[in-house]
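For reference, target03.txt is printed below; it contains compact mmCIF, C-alpha atoms.
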# COMPACT_ATOMS: atom_id res chain seq x y z
CA MET A 1 0.00 0.00 0.00
CA GLU A 2 1.33 3.43 -0.89
CA VAL A 3 1.11 6.08 1.83
CA ILE A 4 2.24 9.68 2.29
CA LEU A 5 4.18 10.14 5.52
CA LEU A 6 2.99 13.00 7.71
CA LYS A 7 6.00 12.72 10.05
CA ASP A 8 9.43 11.13 9.93
CA VAL A 9 9.15 7.41 10.66
CA LYS A 10 12.34 5.60 11.58
CA GLY A 11 13.17 2.88 9.09
CA VAL A 12 10.36 3.91 6.72
CA GLY A 13 11.00 7.44 5.44
CA LYS A 14 10.88 11.17 5.94
CA LYS A 15 7.93 13.56 6.15
CA ASP A 16 6.07 14.16 2.83
CA GLN A 17 7.68 11.12 1.25
CA VAL A 18 5.52 8.59 -0.64
CA VAL A 19 6.47 5.07 0.44
CA ASN A 20 5.20 1.57 -0.22
CA VAL A 21 4.51 -0.39 2.99
CA ALA A 22 2.64 -3.54 3.93
CA ASN A 23 -1.15 -3.16 4.04
CA GLY A 24 -1.36 -4.25 7.67
CA TYR A 25 1.41 -1.90 8.79
CA ALA A 26 -0.32 1.03 7.12
CA ALA A 27 -3.86 0.14 8.25
CA ASN A 28 -2.99 -0.89 11.81
CA TYR A 29 -0.18 1.46 12.74
CA LEU A 30 0.75 4.33 10.41
CA ILE A 31 -2.73 5.66 9.57
CA PRO A 32 -4.33 5.29 13.06
CA SER A 33 -1.25 6.89 14.65
CA HIS A 34 -1.55 9.87 12.26
CA LEU A 35 1.91 9.16 10.88
CA ALA A 36 0.66 8.66 7.32
CA VAL A 37 -2.35 8.93 4.99
CA ALA A 38 -3.26 6.71 2.08
CA LYS A 39 -1.99 7.96 -1.27
CA THR A 40 -4.90 9.23 -3.36
CA GLU A 41 -5.32 11.99 -5.92
CA LYS A 42 -6.81 14.28 -3.27
CA SER A 43 -4.04 13.59 -0.74
CA MET A 44 -1.40 14.26 -3.42
CA GLU A 45 -3.07 17.60 -4.23
CA ILE A 46 -3.06 18.52 -0.55
CA LEU A 47 0.60 17.52 -0.27
CA ASP A 48 1.53 19.68 -3.26
CA THR A 49 -0.38 22.63 -1.79
CA GLN A 50 1.33 22.23 1.58
CA LYS A 51 4.76 22.02 -0.02
CA GLU A 52 4.07 25.20 -2.01
CA GLU A 53 2.87 27.02 1.14
CA ARG A 54 6.00 25.96 3.06
CA LYS A 55 8.20 27.09 0.19
CA GLN A 56 6.48 30.49 0.07
CA LYS A 57 6.74 30.86 3.84
CA ALA A 58 10.47 30.04 3.72
CA GLU A 59 11.01 32.62 0.96
CA ASP A 60 9.15 35.27 2.96
CA PHE A 61 11.18 34.43 6.07
CA HIS A 62 14.43 34.69 4.09
CA LYS A 63 13.38 38.04 2.59
CA ASN A 64 12.51 39.32 6.08
CA ALA A 65 15.90 38.15 7.38
CA LEU A 66 17.68 40.09 4.62
CA GLU A 67 15.70 43.23 5.52
CA ILE A 68 16.63 42.87 9.19
CA LYS A 69 20.28 42.34 8.22
CA ASP A 70 20.25 45.64 6.31
CA LYS A 71 18.66 47.45 9.26
CA LEU A 72 21.22 46.04 11.71
CA GLN A 73 24.15 47.44 9.71
CA ASN A 74 23.11 51.00 10.58
CA ILE A 75 22.23 50.38 14.22
CA VAL A 76 24.34 51.03 17.31
CA VAL A 77 22.69 49.82 20.52
CA GLU A 78 23.95 51.95 23.41
CA PHE A 79 24.13 51.13 27.09
CA THR A 80 25.40 53.21 30.01
CA GLU A 81 26.91 51.23 32.87
CA LYS A 82 29.00 51.84 35.98
CA GLY A 83 32.61 50.81 36.13
CA ASN A 84 36.16 51.78 36.90
CA GLY A 85 38.47 52.66 34.05
CA GLU A 86 38.26 50.06 31.33
CA ARG A 87 36.25 47.37 33.17
CA MET A 88 32.60 47.70 34.00
CA PHE A 89 30.77 46.39 37.02
CA GLY A 90 28.63 43.49 35.83
CA SER A 91 27.93 42.80 32.18
CA ILE A 92 25.41 43.21 29.39
CA SER A 93 23.56 39.99 28.59
CA LEU A 94 22.11 38.84 25.29
CA LYS A 95 18.65 39.21 26.84
CA GLN A 96 19.31 42.91 27.49
CA ILE A 97 20.49 43.38 23.90
CA GLU A 98 17.38 41.58 22.63
CA GLU A 99 15.13 43.86 24.71
CA ALA A 100 16.99 47.01 23.64
CA LEU A 101 16.63 46.10 19.95
CA LYS A 102 12.92 45.57 20.46
CA GLU A 103 12.34 48.77 22.44
CA GLN A 104 14.57 51.17 20.51
CA TYR A 105 14.33 49.85 16.94
CA ASP A 106 11.27 47.55 16.91
CA ILE A 107 13.38 44.58 15.78
CA GLU A 108 12.55 41.24 17.35
CA ILE A 109 15.44 38.79 17.50
CA ASP A 110 15.53 35.76 19.76
CA LYS A 111 18.60 35.69 22.01
CA ARG A 112 19.24 32.08 20.91
CA LYS A 113 19.98 33.38 17.38
CA PHE A 114 23.17 35.11 18.55
CA ILE A 115 26.26 33.29 17.29
CA ASP A 116 28.62 35.08 19.68
CA LYS A 117 27.49 33.78 23.06
CA GLY A 118 28.43 35.27 26.39
CA ASN A 119 28.05 38.55 28.15
CA ILE A 120 29.78 41.78 27.19
CA ASN A 121 31.75 43.30 30.04
CA ASN A 122 34.05 45.85 28.37
CA PHE A 123 33.42 49.49 27.66
CA GLY A 124 33.46 50.62 24.06
CA TYR A 125 32.21 49.11 20.84
CA SER A 126 31.56 45.40 20.30
CA LYS A 127 30.11 43.59 17.32
CA LEU A 128 27.88 40.54 17.68
CA ARG A 129 26.88 38.17 14.90
CA ILE A 130 23.28 36.99 14.64
CA GLU A 131 22.08 34.07 12.51
CA LEU A 132 18.85 35.46 11.07
CA ASP A 133 18.30 32.59 8.62
CA LYS A 134 20.23 29.59 7.38
CA ASP A 135 22.74 31.63 5.35
CA VAL A 136 21.93 35.18 6.51
CA ILE A 137 24.15 36.55 9.26
CA GLY A 138 23.57 40.05 10.58
CA ILE A 139 25.97 42.09 12.70
CA VAL A 140 24.79 44.39 15.46
CA THR A 141 27.09 46.97 17.04
CA ILE A 142 26.95 47.48 20.80
CA ASN A 143 28.40 50.58 22.50
CA ILE A 144 28.84 50.58 26.26
CA LYS A 145 29.56 53.94 27.88
CA GLY A 146 30.76 54.50 31.42
CA GLU A 147 29.00 56.70 33.92
Mind converting the file's structure to structure tokens?
Amino acid sequence: MEVILLKDVKGVGKKDQVVNVANGYAANYLIPSHLAVAKTEKSMEILDTQKEERKQKAEDFHKNALEIKDKLQNIVVEFTEKGNGERMFGSISLKQIEEALKEQYDIEIDKRKFIDKGNINNFGYSKLRIELDKDVIGIVTINIKGE
């Protein structure tokens, strides 16, 4: 029996793949467990529609990532902190940078997208890389001033 997999099934295939399995395996396990649907003309049409929607969504996400990358090139996020000389007391976390970008520039970036992990604890300018999409890396400039 030919089925379309709705999820990855170990030893059978990947999501959206059309595979040929035993009738009993499909009828008693895959279909009732919502891991697959029987291959019909209608299910193939639905699969094609879903693939097209996912492709469009990925293109939109990539385009949005490129726009954010362009915005980040012109942005300097500034913080004022206490310290003595060249070292500051405490540090600036990725969460604080995320919140500052959202408040000051209306750019939402998840702190888990930052490639350069760790807190910033030096005065002056620092650059952090952010993975906005699979092959789109933006750079945000951080400036920490002393009080």
* Asked: With all atoms listed in the file as the atoms that count, which of A:Phe114, A:Tyr29, A:Phe61, A:Phe123 lies nearest to A:Glu78?
  ->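 Going through A:Phe114, A:Tyr29, A:Phe61, A:Phe123 one by one, the smallest distance to A:Glu78 is for A:Phe123.
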* Structure fact -> Across A:Ala58, A:Asn28, A:Asn64, A:Ile4, the smallest distance to A:Glu45, with all atoms listed in the file counted, is shown by A:Ile4
* **stretch 32-42 of chain A surroundings by all atoms listed in the file, 9 Å radius, close-in-sequence under 4 positions cut, as number ranges by chain** => A: 1-9, 15-16, 18, 26-28, 46-47
* **For A:Ala65, the nearest of the candidates A:Lys113, A:Lys10, A:Lys145, A:Lys102, counting all atoms listed in the file** =>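 Looking at the shortest contact to A:Ala65, the residue is A:Lys113.
The smallest atom-to-atom distance between A:Asn119 and any of A:Ile142, A:Lys82, A:Leu101, A:Glu131, using all atoms listed in the file, is found for A:Ile142.
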* Asked: Distance atom CA of A:Lys14-atom CA of A:Ile137, one decimal place?
  -> 28.8 Å
* In Å, with one decimal, what is the gap from atom CA of A:Phe79 to atom CA of A:Arg112? ->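 Pair atom CA of A:Phe79 / atom CA of A:Arg112 returns 20.6 Å.
Put simply, atom CA of A:Val21 is 22.6 Å away from atom CA of A:Lys51.
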* To do: Give me the residues within 9 Å of A:Val76 as number ranges by chain, counting all atoms listed in the file and dropping any in the same chain fewer than 6 places off.
  => A: 125, 140-143
* Return the single residue from A:Leu128, A:Arg87, A:Ile68, A:Asn74 that is closest to A:Ile109, with distances computed using only C-alpha atoms. =>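 Comparing A:Leu128, A:Arg87, A:Ile68, A:Asn74 against A:Ile109, the winner is A:Ile68.
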* Compare A:Leu66, A:Leu132, A:Met88, A:Ala100 by their minimum atom-to-atom distance to A:Gly146, counting all atoms listed in the file, and give me the closest one. =>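 The closest residue to A:Gly146 is A:Met88.
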